file start39.pdb (PDB, C-alpha atoms, pLDDT in the B column)
ATOM      1  CA  MET A   1     217.585  19.434 226.886  1.00 60.00           C
ATOM      2  CA  ASP A   2     218.213  17.891 230.259  1.00 71.00           C
ATOM      3  CA  ASP A   3     215.655  19.112 232.821  1.00 86.00           C
ATOM      4  CA  ARG A   4     218.363  19.553 235.456  1.00 84.00           C
ATOM      5  CA  LEU A   5     220.252  22.071 233.311  1.00 87.00           C
ATOM      6  CA  THR A   6     217.030  23.858 232.402  1.00 91.00           C
ATOM      7  CA  ALA A   7     216.197  24.173 236.115  1.00 89.00           C
ATOM      8  CA  VAL A   8     219.610  25.711 236.878  1.00 88.00           C
ATOM      9  CA  LEU A   9     219.244  28.234 234.056  1.00 94.00           C
ATOM     10  CA  THR A  10     215.572  29.013 234.789  1.00 93.00           C
ATOM     11  CA  ASP A  11     216.403  30.137 238.320  1.00 90.00           C
ATOM     12  CA  LEU A  12     219.368  32.228 237.168  1.00 91.00           C
ATOM     13  CA  VAL A  13     217.433  33.925 234.368  1.00 93.00           C
ATOM     14  CA  ALA A  14     214.359  34.476 236.571  1.00 93.00           C
ATOM     15  CA  ALA A  15     216.549  36.238 239.165  1.00 91.00           C
ATOM     16  CA  HIS A  16     217.084  38.896 236.473  1.00 90.00           C
ATOM     17  CA  GLY A  17     213.386  39.242 235.701  1.00 91.00           C
ATOM     18  CA  LEU A  18     213.659  37.288 232.454  1.00 93.00           C
ATOM     19  CA  ASP A  19     211.929  34.181 231.155  1.00 93.00           C
ATOM     20  CA  LEU A  20     213.931  31.193 229.933  1.00 94.00           C
ATOM     21  CA  ASP A  21     212.326  30.441 226.592  1.00 90.00           C
ATOM     22  CA  ASP A  22     214.481  27.586 225.303  1.00 91.00           C
ATOM     23  CA  VAL A  23     217.725  25.702 225.905  1.00 93.00           C
ATOM     24  CA  THR A  24     219.257  23.531 223.191  1.00 91.00           C
ATOM     25  CA  LEU A  25     222.574  21.747 222.861  1.00 88.00           C
ATOM     26  CA  GLY A  26     223.479  20.898 219.305  1.00 87.00           C
ATOM     27  CA  GLY A  27     226.393  19.940 217.134  1.00 83.00           C
ATOM     28  CA  GLY A  28     228.895  17.139 217.452  1.00 76.00           C
ATOM     29  CA  SER A  29     232.103  16.761 219.394  1.00 69.00           C
ATOM     30  CA  GLY A  30     234.391  19.710 218.920  1.00 74.00           C
ATOM     31  CA  ASN A  31     231.712  22.098 217.698  1.00 84.00           C
ATOM     32  CA  ARG A  32     228.882  21.880 220.211  1.00 90.00           C
ATOM     33  CA  MET A  33     226.638  24.925 220.666  1.00 92.00           C
ATOM     34  CA  LEU A  34     224.580  25.588 223.785  1.00 93.00           C
ATOM     35  CA  ARG A  35     221.862  28.072 222.844  1.00 93.00           C
ATOM     36  CA  VAL A  36     219.987  29.790 225.674  1.00 95.00           C
ATOM     37  CA  VAL A  37     216.984  31.846 224.564  1.00 93.00           C
ATOM     38  CA  VAL A  38     215.584  34.465 226.958  1.00 94.00           C
ATOM     39  CA  ASP A  39     212.569  36.737 226.794  1.00 91.00           C
ATOM     40  CA  ALA A  40     211.087  39.574 228.854  1.00 89.00           C
ATOM     41  CA  GLU A  41     208.174  41.948 228.897  1.00 84.00           C
ATOM     42  CA  GLY A  42     209.320  44.914 226.826  1.00 81.00           C
ATOM     43  CA  GLY A  43     212.201  42.966 225.279  1.00 83.00           C
ATOM     44  CA  VAL A  44     215.820  42.523 226.280  1.00 88.00           C
ATOM     45  CA  ASN A  45     218.392  45.182 225.365  1.00 89.00           C
ATOM     46  CA  LEU A  46     222.005  44.361 224.486  1.00 91.00           C
ATOM     47  CA  ASP A  47     223.435  45.455 227.840  1.00 93.00           C
ATOM     48  CA  ARG A  48     221.058  43.197 229.710  1.00 91.00           C
ATOM     49  CA  LEU A  49     221.767  40.353 227.289  1.00 93.00           C
ATOM     50  CA  ALA A  50     225.526  40.747 227.815  1.00 94.00           C
ATOM     51  CA  GLU A  51     225.077  40.756 231.601  1.00 93.00           C
ATOM     52  CA  ILE A  52     222.968  37.598 231.634  1.00 94.00           C
ATOM     53  CA  SER A  53     225.357  35.950 229.175  1.00 95.00           C
ATOM     54  CA  ARG A  54     228.287  36.500 231.566  1.00 95.00           C
ATOM     55  CA  GLU A  55     226.301  35.111 234.482  1.00 93.00           C
ATOM     56  CA  VAL A  56     225.106  32.059 232.537  1.00 94.00           C
ATOM     57  CA  SER A  57     228.700  31.369 231.491  1.00 94.00           C
ATOM     58  CA  ALA A  58     229.934  31.624 235.088  1.00 94.00           C
ATOM     59  CA  ALA A  59     227.124  29.375 236.332  1.00 91.00           C
ATOM     60  CA  LEU A  60     227.888  26.736 233.709  1.00 92.00           C
ATOM     61  CA  ASP A  61     231.565  26.797 234.768  1.00 90.00           C
ATOM     62  CA  THR A  62     230.828  26.369 238.479  1.00 91.00           C
ATOM     63  CA  ASP A  63     227.496  24.574 238.891  1.00 90.00           C
ATOM     64  CA  PRO A  64     228.055  20.830 239.500  1.00 90.00           C
ATOM     65  CA  ILE A  65     224.747  19.903 237.861  1.00 88.00           C
ATOM     66  CA  ALA A  66     225.590  21.908 234.731  1.00 88.00           C
ATOM     67  CA  GLN A  67     229.074  20.382 234.597  1.00 87.00           C
ATOM     68  CA  LYS A  68     227.658  16.871 234.902  1.00 88.00           C
ATOM     69  CA  VAL A  69     225.104  17.458 232.136  1.00 86.00           C
ATOM     70  CA  LEU A  70     227.509  19.197 229.745  1.00 86.00           C
ATOM     71  CA  GLY A  71     230.534  16.998 230.421  1.00 85.00           C
ATOM     72  CA  GLN A  72     234.097  17.916 229.574  1.00 84.00           C
ATOM     73  CA  ALA A  73     233.738  18.452 225.816  1.00 84.00           C
ATOM     74  CA  PRO A  74     234.054  22.118 224.796  1.00 87.00           C
ATOM     75  CA  PHE A  75     231.022  24.063 223.603  1.00 89.00           C
ATOM     76  CA  THR A  76     230.147  27.547 222.444  1.00 92.00           C
ATOM     77  CA  LEU A  77     227.580  29.422 224.509  1.00 94.00           C
ATOM     78  CA  GLU A  78     225.044  31.617 222.744  1.00 94.00           C
ATOM     79  CA  VAL A  79     222.600  33.630 224.836  1.00 95.00           C
ATOM     80  CA  THR A  80     220.009  35.275 222.635  1.00 92.00           C
ATOM     81  CA  THR A  81     216.460  36.580 222.496  1.00 89.00           C
ATOM     82  CA  ARG A  82     213.475  35.032 220.749  1.00 85.00           C
ATOM     83  CA  GLY A  83     213.612  37.192 217.653  1.00 81.00           C
ATOM     84  CA  VAL A  84     210.781  37.251 215.140  1.00 79.00           C
ATOM     85  CA  ASP A  85     211.648  33.938 213.516  1.00 83.00           C
ATOM     86  CA  ARG A  86     210.669  31.793 216.527  1.00 87.00           C
ATOM     87  CA  PRO A  87     207.109  30.461 216.648  1.00 91.00           C
ATOM     88  CA  LEU A  88     204.602  31.855 219.132  1.00 93.00           C
ATOM     89  CA  THR A  89     203.860  28.906 221.417  1.00 91.00           C
ATOM     90  CA  LEU A  90     202.917  30.305 224.824  1.00 92.00           C
ATOM     91  CA  PRO A  91     200.276  32.834 225.928  1.00 93.00           C
ATOM     92  CA  ARG A  92     203.035  35.268 226.976  1.00 92.00           C
ATOM     93  CA  HIS A  93     204.441  35.200 223.420  1.00 92.00           C
ATOM     94  CA  TRP A  94     201.072  36.378 222.105  1.00 93.00           C
ATOM     95  CA  HIS A  95     200.781  39.074 224.781  1.00 92.00           C
ATOM     96  CA  ARG A  96     204.279  40.407 224.113  1.00 90.00           C
ATOM     97  CA  ASN A  97     203.536  40.649 220.386  1.00 91.00           C
ATOM     98  CA  HIS A  98     200.204  42.475 220.764  1.00 92.00           C
ATOM     99  CA  GLY A  99     199.617  44.651 217.701  1.00 92.00           C
ATOM    100  CA  ARG A 100     201.995  42.662 215.495  1.00 91.00           C
ATOM    101  CA  LEU A 101     201.038  40.941 212.263  1.00 94.00           C
ATOM    102  CA  VAL A 102     201.184  37.132 212.470  1.00 95.00           C
ATOM    103  CA  LYS A 103     200.757  34.254 210.065  1.00 95.00           C
ATOM    104  CA  VAL A 104     198.854  31.443 211.765  1.00 95.00           C
ATOM    105  CA  THR A 105     198.228  27.857 210.703  1.00 95.00           C
ATOM    106  CA  VAL A 106     195.052  26.511 212.255  1.00 93.00           C
ATOM    107  CA  SER A 107     194.168  22.828 212.601  1.00 88.00           C
ATOM    108  CA  ASP A 108     191.123  21.444 210.794  1.00 73.00           C
ATOM    109  CA  GLY A 109     189.581  20.739 214.201  1.00 62.00           C
ATOM    110  CA  SER A 110     188.836  24.429 214.757  1.00 51.00           C
ATOM    111  CA  GLY A 111     185.239  24.423 213.569  1.00 55.00           C
ATOM    112  CA  GLY A 112     186.092  23.345 210.045  1.00 55.00           C
ATOM    113  CA  LYS A 113     188.143  26.493 209.417  1.00 64.00           C
ATOM    114  CA  GLY A 114     191.602  24.958 209.072  1.00 72.00           C
ATOM    115  CA  GLY A 115     194.407  26.414 206.995  1.00 89.00           C
ATOM    116  CA  ALA A 116     196.586  29.497 207.108  1.00 92.00           C
ATOM    117  CA  LEU A 117     195.615  33.086 207.761  1.00 92.00           C
ATOM    118  CA  THR A 118     197.373  36.346 208.460  1.00 95.00           C
ATOM    119  CA  GLY A 119     196.082  38.877 210.953  1.00 95.00           C
ATOM    120  CA  ARG A 120     197.027  41.403 213.591  1.00 96.00           C
ATOM    121  CA  ILE A 121     196.963  40.398 217.276  1.00 95.00           C
ATOM    122  CA  VAL A 122     194.315  42.541 218.969  1.00 96.00           C
ATOM    123  CA  GLY A 123     193.763  40.470 222.113  1.00 95.00           C
ATOM    124  CA  ASN A 124     194.610  37.264 223.907  1.00 94.00           C
ATOM    125  CA  ASP A 125     194.354  35.364 227.154  1.00 95.00           C
ATOM    126  CA  ASP A 126     195.705  32.015 228.330  1.00 95.00           C
ATOM    127  CA  GLU A 127     193.393  30.048 226.031  1.00 95.00           C
ATOM    128  CA  ARG A 128     192.697  32.100 222.912  1.00 95.00           C
ATOM    129  CA  VAL A 129     193.906  34.864 220.652  1.00 96.00           C
ATOM    130  CA  VAL A 130     191.891  37.492 218.803  1.00 96.00           C
ATOM    131  CA  LEU A 131     193.180  38.439 215.355  1.00 96.00           C
ATOM    132  CA  ALA A 132     192.017  41.269 213.116  1.00 95.00           C
ATOM    133  CA  VAL A 133     191.709  39.632 209.699  1.00 93.00           C
ATOM    134  CA  GLY A 134     190.373  41.581 206.742  1.00 90.00           C
ATOM    135  CA  GLY A 135     188.563  44.144 208.888  1.00 90.00           C
ATOM    136  CA  ARG A 136     186.911  41.498 211.092  1.00 95.00           C
ATOM    137  CA  GLU A 137     187.981  39.967 214.381  1.00 95.00           C
ATOM    138  CA  ARG A 138     188.489  36.232 214.618  1.00 93.00           C
ATOM    139  CA  THR A 139     188.930  34.410 217.928  1.00 94.00           C
ATOM    140  CA  ILE A 140     191.039  31.249 217.757  1.00 94.00           C
ATOM    141  CA  ALA A 141     191.751  28.779 220.543  1.00 94.00           C
ATOM    142  CA  LEU A 142     195.505  28.492 221.122  1.00 95.00           C
ATOM    143  CA  SER A 143     195.055  24.714 221.155  1.00 94.00           C
ATOM    144  CA  ASP A 144     193.857  24.906 217.514  1.00 94.00           C
ATOM    145  CA  ILE A 145     196.969  26.752 216.331  1.00 95.00           C
ATOM    146  CA  THR A 146     199.622  24.463 214.905  1.00 94.00           C
ATOM    147  CA  ARG A 147     202.113  27.214 213.946  1.00 94.00           C
ATOM    148  CA  ALA A 148     202.292  30.992 214.361  1.00 95.00           C
ATOM    149  CA  LEU A 149     205.029  33.379 213.238  1.00 94.00           C
ATOM    150  CA  VAL A 150     205.368  37.148 213.526  1.00 92.00           C
ATOM    151  CA  GLN A 151     205.574  38.786 210.108  1.00 92.00           C
ATOM    152  CA  VAL A 152     208.205  41.461 209.567  1.00 88.00           C
ATOM    153  CA  GLU A 153     206.683  44.798 208.540  1.00 87.00           C
ATOM    154  CA  LEU A 154     209.215  47.258 207.188  1.00 83.00           C
ATOM    155  CA  ASN A 155     206.784  50.000 206.143  1.00 77.00           C
ATOM    156  CA  ARG A 156     204.065  49.831 208.788  1.00 69.00           C
ATOM    157  CA  LYS A 157     202.281  53.201 208.741  1.00 61.00           C
ATOM    158  CA  ASP A 158     200.403  53.132 212.092  1.00 63.00           C
ATOM    159  CA  VAL A 159     203.417  52.809 214.400  1.00 52.00           C
TER
END
call {"tool": "encode", "arguments": {"input": "start39.pdb", "output": "C-alpha cells"}}
result
Amino acid sequence: MDDRLTAVLTDLVAAHGLDLDDVTLGGGSGNRMLRVVVDAEGGVNLDRLAEISREVSAALDTDPIAQKVLGQAPFTLEVTTRGVDRPLTLPRHWHRNHGRLVKVTVSDGSGGKGGALTGRIVGNDDERVVLAVGGRERTIALSDITRALVQVELNRKDV
C-alpha cells in the first residue's frame, strides 16, 4: 500500500488508541476493496470498530492525500481486526496473545531445530518468544520464526 495513505490512517487510528496493523487495496476496477486492519491491547469491540470505521471513511472522503492515492474509482471499505487467522509478525502480536496456543514454523538456522511446533505462549520480549511445548519451555528468536498462527481452542479447560 502507498506509504502516504498508510501515514494518514496511522495517525487517525492512533488518535483512538489503536494500532494500524495492515492496509491493503485489492480487486480490479469496479470491485476494489480497501481493507484496514486495526489492533489494540485488550482487543477492539464492535462499537469501537464501528466508530473508527466511520472516521476512516470520512477521512478517505476528505483527505487530499487519500483521494490522490485512491483515485476516482469506487471501492468498498472494510475496517476489521486481526482475527486469529492472521500471522503473528510483531512483538506486540505475541504479547497480546499471551497464553494462547500457536503453531510456529522455525527456520533451519535456529540451532538446527527447524520445522514446525505447537506450543503455548508463556513469555516474550522484542526479540524472542517463550513457548511451553510438551511440558518444557522453549525460547525462540523472533527472527528465526518464518510463520506463526494462533490455534483455535474450542474446549480449553484452563480458561
call {"tool": "residues_around", "arguments": {"input": "start39.pdb", "residues": "His98 of chain A", "least_positions_apart": "3", "cutoff": "9 Å", "atoms": "only C-alpha atoms", "output": "PyMOL selection string"}}
result
chain A and resi 93-95+101+120-124
call {"tool": "atom_distance", "arguments": {"input": "start39.pdb", "atom1": "atom CA of Thr10 of chain A", "atom2": "atom CA of Met33 of chain A"}}
result
18.4 Å
call {"tool": "residues_around", "arguments": {"input": "start39.pdb", "residues": "segment 38-43 of chain A", "least_positions_apart": "6", "cutoff": "8 Å", "atoms": "all atoms listed in the file", "output": "list in words"}}
result
Val13, Gly17, Leu18, Asp19, Leu20, Asp21, Asp22, Val79, Thr80, Thr81, Arg82 and Arg96 of chain A
call {"tool": "write_last_selection", "arguments": {"input": "start39.pdb", "atoms": "C-alpha atoms", "output": "CSV table (one decimal), keeping the file's coordinate frame"}}
result
chain,number,residue,atom,x,y,z
A,13,VAL,CA,217.4,33.9,234.4
A,17,GLY,CA,213.4,39.2,235.7
A,18,LEU,CA,213.7,37.3,232.5
A,19,ASP,CA,211.9,34.2,231.2
A,20,LEU,CA,213.9,31.2,229.9
A,21,ASP,CA,212.3,30.4,226.6
A,22,ASP,CA,214.5,27.6,225.3
A,79,VAL,CA,222.6,33.6,224.8
A,80,THR,CA,220.0,35.3,222.6
A,81,THR,CA,216.5,36.6,222.5
A,82,ARG,CA,213.5,35.0,220.7
A,96,ARG,CA,204.3,40.4,224.1
call {"tool": "resolve_selection", "arguments": {"input": "start39.pdb", "expression": "the PyMOL selection byres ((chain A and resi 59-63) around 12)", "output": "PyMOL selection string"}}
result
chain A and resi 4-13+34+36+52-58+64-72+74-77
call {"tool": "write_last_selection", "arguments": {"input": "start39.pdb", "atoms": "C-alpha atoms", "output": "compact mmCIF listing (two decimals), keeping the file's coordinate frame"}}
result
# COMPACT_ATOMS: atom_id res chain seq x y z
CA ARG A 4 218.36 19.55 235.46
CA LEU A 5 220.25 22.07 233.31
CA THR A 6 217.03 23.86 232.40
CA ALA A 7 216.20 24.17 236.12
CA VAL A 8 219.61 25.71 236.88
CA LEU A 9 219.24 28.23 234.06
CA THR A 10 215.57 29.01 234.79
CA ASP A 11 216.40 30.14 238.32
CA LEU A 12 219.37 32.23 237.17
CA VAL A 13 217.43 33.92 234.37
CA LEU A 34 224.58 25.59 223.78
CA VAL A 36 219.99 29.79 225.67
CA ILE A 52 222.97 37.60 231.63
CA SER A 53 225.36 35.95 229.18
CA ARG A 54 228.29 36.50 231.57
CA GLU A 55 226.30 35.11 234.48
CA VAL A 56 225.11 32.06 232.54
CA SER A 57 228.70 31.37 231.49
CA ALA A 58 229.93 31.62 235.09
CA PRO A 64 228.06 20.83 239.50
CA ILE A 65 224.75 19.90 237.86
CA ALA A 66 225.59 21.91 234.73
CA GLN A 67 229.07 20.38 234.60
CA LYS A 68 227.66 16.87 234.90
CA VAL A 69 225.10 17.46 232.14
CA LEU A 70 227.51 19.20 229.74
CA GLY A 71 230.53 17.00 230.42
CA GLN A 72 234.10 17.92 229.57
CA PRO A 74 234.05 22.12 224.80
CA PHE A 75 231.02 24.06 223.60
CA THR A 76 230.15 27.55 222.44
CA LEU A 77 227.58 29.42 224.51
call {"tool": "resolve_selection", "arguments": {"input": "start39.pdb", "expression": "the PyMOL selection byres ((chain A and resi 129-142) around 9)", "output": "list in words"}}
result
Thr89, Leu90, Pro91, Trp94, Leu101, Val102, Val106, Ser110, Leu117, Thr118, Gly119, Arg120, Ile121, Val122, Gly123, Asn124, Asp125, Asp126, Glu127, Arg128, Ser143, Asp144, Ile145 and Thr146 of chain A
call {"tool": "residues_around", "arguments": {"input": "start39.pdb", "residues": "Arg86 of chain A", "least_positions_apart": "2", "cutoff": "9 Å", "atoms": "only C-alpha atoms", "output": "MDAnalysis selection string"}}
result
chainID A and resid 82:84 88:89 148:150
call {"tool": "atom_distance", "arguments": {"input": "start39.pdb", "atom1": "atom CA of Pro87 of chain A", "atom2": "atom CA of Arg147 of chain A"}}
result
6.5 Å
call {"tool": "closest_residue", "arguments": {"input": "start39.pdb", "among": "A:Gly99, A:Asp85, A:Leu49, A:Ala14", "to": "Val152 of chain A", "atoms": "all atoms listed in the file"}}
result
A:Asp85
call {"tool": "atom_distance", "arguments": {"input": "start39.pdb", "atom1": "atom CA of Gly27 of chain A", "atom2": "atom CA of Glu78 of chain A"}}
result
13.0 Å
call {"tool": "axis_aligned_box", "arguments": {"input": "start39.pdb", "around": "segment 41-57 of chain A", "padding_each_side": "5 Å", "output": "AutoDock Vina command-line options"}}
result
--center_x 218.4 --center_y 38.4 --center_z 229.5 --size_x 30.5 --size_y 24.1 --size_z 20.0
call {"tool": "decode", "arguments": {"input": "start39.pdb", "residues": "segment 37-147 of chain A", "atoms": "C-alpha atoms", "output": "mmCIF file, in the first residue's frame"}}
result
data_model
loop_
_atom_site.group_PDB
_atom_site.id
_atom_site.type_symbol
_atom_site.label_atom_id
_atom_site.label_comp_id
_atom_site.auth_asym_id
_atom_site.auth_seq_id
_atom_site.Cartn_x
_atom_site.Cartn_y
_atom_site.Cartn_z
ATOM 1 C CA VAL A 37 -6.850 -3.880 9.891
ATOM 2 C CA VAL A 38 -6.629 -2.442 13.417
ATOM 3 C CA ASP A 39 -5.486 -3.895 16.712
ATOM 4 C CA ALA A 40 -5.393 -2.823 20.363
ATOM 5 C CA GLU A 41 -4.341 -4.061 23.751
ATOM 6 C CA GLY A 42 -7.353 -5.964 25.058
ATOM 7 C CA GLY A 43 -8.947 -6.191 21.609
ATOM 8 C CA VAL A 44 -11.398 -3.974 19.771
ATOM 9 C CA ASN A 45 -15.133 -4.277 20.460
ATOM 10 C CA LEU A 46 -17.787 -3.770 17.777
ATOM 11 C CA ASP A 47 -18.797 -0.289 18.942
ATOM 12 C CA ARG A 48 -15.226 0.922 18.761
ATOM 13 C CA LEU A 49 -14.772 -0.749 15.377
ATOM 14 C CA ALA A 50 -17.900 0.971 14.029
ATOM 15 C CA GLU A 51 -16.703 4.348 15.331
ATOM 16 C CA ILE A 52 -13.262 4.047 13.754
ATOM 17 C CA SER A 53 -14.827 2.766 10.532
ATOM 18 C CA ARG A 54 -16.959 5.924 10.245
ATOM 19 C CA GLU A 55 -13.949 8.138 10.891
ATOM 20 C CA VAL A 56 -11.742 6.289 8.395
ATOM 21 C CA SER A 57 -14.489 6.619 5.782
ATOM 22 C CA ALA A 58 -14.825 10.361 6.418
ATOM 23 C CA ALA A 59 -11.050 10.841 6.277
ATOM 24 C CA LEU A 60 -10.798 8.975 2.977
ATOM 25 C CA ASP A 61 -13.558 11.205 1.545
ATOM 26 C CA THR A 62 -11.906 14.467 2.605
ATOM 27 C CA ASP A 63 -8.145 13.938 2.856
ATOM 28 C CA PRO A 64 -6.403 15.151 -0.337
ATOM 29 C CA ILE A 65 -3.593 12.612 0.036
ATOM 30 C CA ALA A 66 -6.068 9.735 0.393
ATOM 31 C CA GLN A 67 -8.066 10.980 -2.598
ATOM 32 C CA LYS A 68 -4.929 11.210 -4.726
ATOM 33 C CA VAL A 69 -3.806 7.692 -3.789
ATOM 34 C CA LEU A 70 -7.230 6.066 -4.199
ATOM 35 C CA GLY A 71 -8.309 7.993 -7.293
ATOM 36 C CA GLN A 72 -11.872 8.302 -8.505
ATOM 37 C CA ALA A 73 -12.711 4.610 -8.957
ATOM 38 C CA PRO A 74 -15.205 3.319 -6.370
ATOM 39 C CA PHE A 75 -14.096 0.940 -3.630
ATOM 40 C CA THR A 76 -15.562 -0.862 -0.655
ATOM 41 C CA LEU A 77 -14.066 -0.036 2.729
ATOM 42 C CA GLU A 78 -13.621 -2.811 5.272
ATOM 43 C CA VAL A 79 -12.293 -1.935 8.718
ATOM 44 C CA THR A 80 -11.598 -5.068 10.709
ATOM 45 C CA THR A 81 -9.487 -6.563 13.470
ATOM 46 C CA ARG A 82 -6.619 -9.018 13.142
ATOM 47 C CA GLY A 83 -8.603 -12.121 13.979
ATOM 48 C CA VAL A 84 -6.912 -15.434 14.687
ATOM 49 C CA ASP A 85 -6.150 -16.251 11.065
ATOM 50 C CA ARG A 86 -3.516 -13.514 10.624
ATOM 51 C CA PRO A 87 0.111 -14.449 11.285
ATOM 52 C CA LEU A 88 1.915 -13.154 14.361
ATOM 53 C CA THR A 89 4.640 -10.916 12.934
ATOM 54 C CA LEU A 90 5.387 -8.229 15.519
ATOM 55 C CA PRO A 91 6.370 -8.405 19.206
ATOM 56 C CA ARG A 92 3.042 -6.786 20.177
ATOM 57 C CA HIS A 93 1.159 -9.617 18.426
ATOM 58 C CA TRP A 94 2.934 -12.131 20.660
ATOM 59 C CA HIS A 95 2.281 -10.063 23.792
ATOM 60 C CA ARG A 96 -1.418 -9.659 23.007
ATOM 61 C CA ASN A 97 -1.779 -13.416 22.506
ATOM 62 C CA HIS A 98 -0.014 -14.419 25.740
ATOM 63 C CA GLY A 99 -1.417 -17.739 26.952
ATOM 64 C CA ARG A 100 -2.728 -18.747 23.526
ATOM 65 C CA LEU A 101 -1.728 -21.876 21.647
ATOM 66 C CA VAL A 102 0.293 -21.171 18.486
ATOM 67 C CA LYS A 103 1.683 -23.208 15.630
ATOM 68 C CA VAL A 104 5.138 -21.927 14.714
ATOM 69 C CA THR A 105 7.377 -22.694 11.751
ATOM 70 C CA VAL A 106 11.020 -22.162 12.622
ATOM 71 C CA SER A 107 13.832 -21.692 10.105
ATOM 72 C CA ASP A 108 16.644 -24.243 9.924
ATOM 73 C CA GLY A 109 19.029 -21.503 11.060
ATOM 74 C CA SER A 110 17.725 -21.687 14.629
ATOM 75 C CA GLY A 111 20.363 -24.016 16.033
ATOM 76 C CA GLY A 112 19.487 -26.882 13.724
ATOM 77 C CA LYS A 113 15.966 -27.154 15.152
ATOM 78 C CA GLY A 114 13.945 -26.113 12.106
ATOM 79 C CA GLY A 115 10.426 -27.275 11.357
ATOM 80 C CA ALA A 116 7.001 -26.804 12.880
ATOM 81 C CA LEU A 117 5.957 -26.962 16.504
ATOM 82 C CA THR A 118 2.904 -26.109 18.545
ATOM 83 C CA GLY A 119 3.107 -24.531 21.974
ATOM 84 C CA ARG A 120 1.543 -22.057 24.354
ATOM 85 C CA ILE A 121 2.964 -18.520 24.603
ATOM 86 C CA VAL A 122 4.296 -18.101 28.142
ATOM 87 C CA GLY A 123 6.575 -15.105 27.593
ATOM 88 C CA ASN A 124 8.052 -12.754 25.042
ATOM 89 C CA ASP A 125 10.023 -9.582 24.520
ATOM 90 C CA ASP A 126 11.035 -7.618 21.431
ATOM 91 C CA GLU A 127 13.468 -10.308 20.272
ATOM 92 C CA ARG A 128 12.209 -13.703 21.419
ATOM 93 C CA VAL A 129 9.216 -15.737 22.474
ATOM 94 C CA VAL A 130 8.985 -18.465 25.098
ATOM 95 C CA LEU A 131 6.662 -21.358 24.274
ATOM 96 C CA ALA A 132 5.547 -24.186 26.540
ATOM 97 C CA VAL A 133 5.937 -27.278 24.363
ATOM 98 C CA GLY A 134 5.287 -30.727 25.781
ATOM 99 C CA GLY A 135 5.812 -29.652 29.390
ATOM 100 C CA ARG A 136 9.086 -27.836 28.631
ATOM 101 C CA GLU A 137 9.794 -24.219 27.783
ATOM 102 C CA ARG A 138 11.490 -23.371 24.516
ATOM 103 C CA THR A 139 12.870 -19.913 23.738
ATOM 104 C CA ILE A 140 12.870 -18.971 20.053
ATOM 105 C CA ALA A 141 14.271 -15.830 18.458
ATOM 106 C CA LEU A 142 11.533 -13.980 16.564
ATOM 107 C CA SER A 143 13.978 -13.642 13.669
ATOM 108 C CA ASP A 144 14.031 -17.469 13.372
ATOM 109 C CA ILE A 145 10.247 -17.739 13.051
ATOM 110 C CA THR A 146 9.051 -17.889 9.465
ATOM 111 C CA ARG A 147 5.321 -18.272 10.257
#
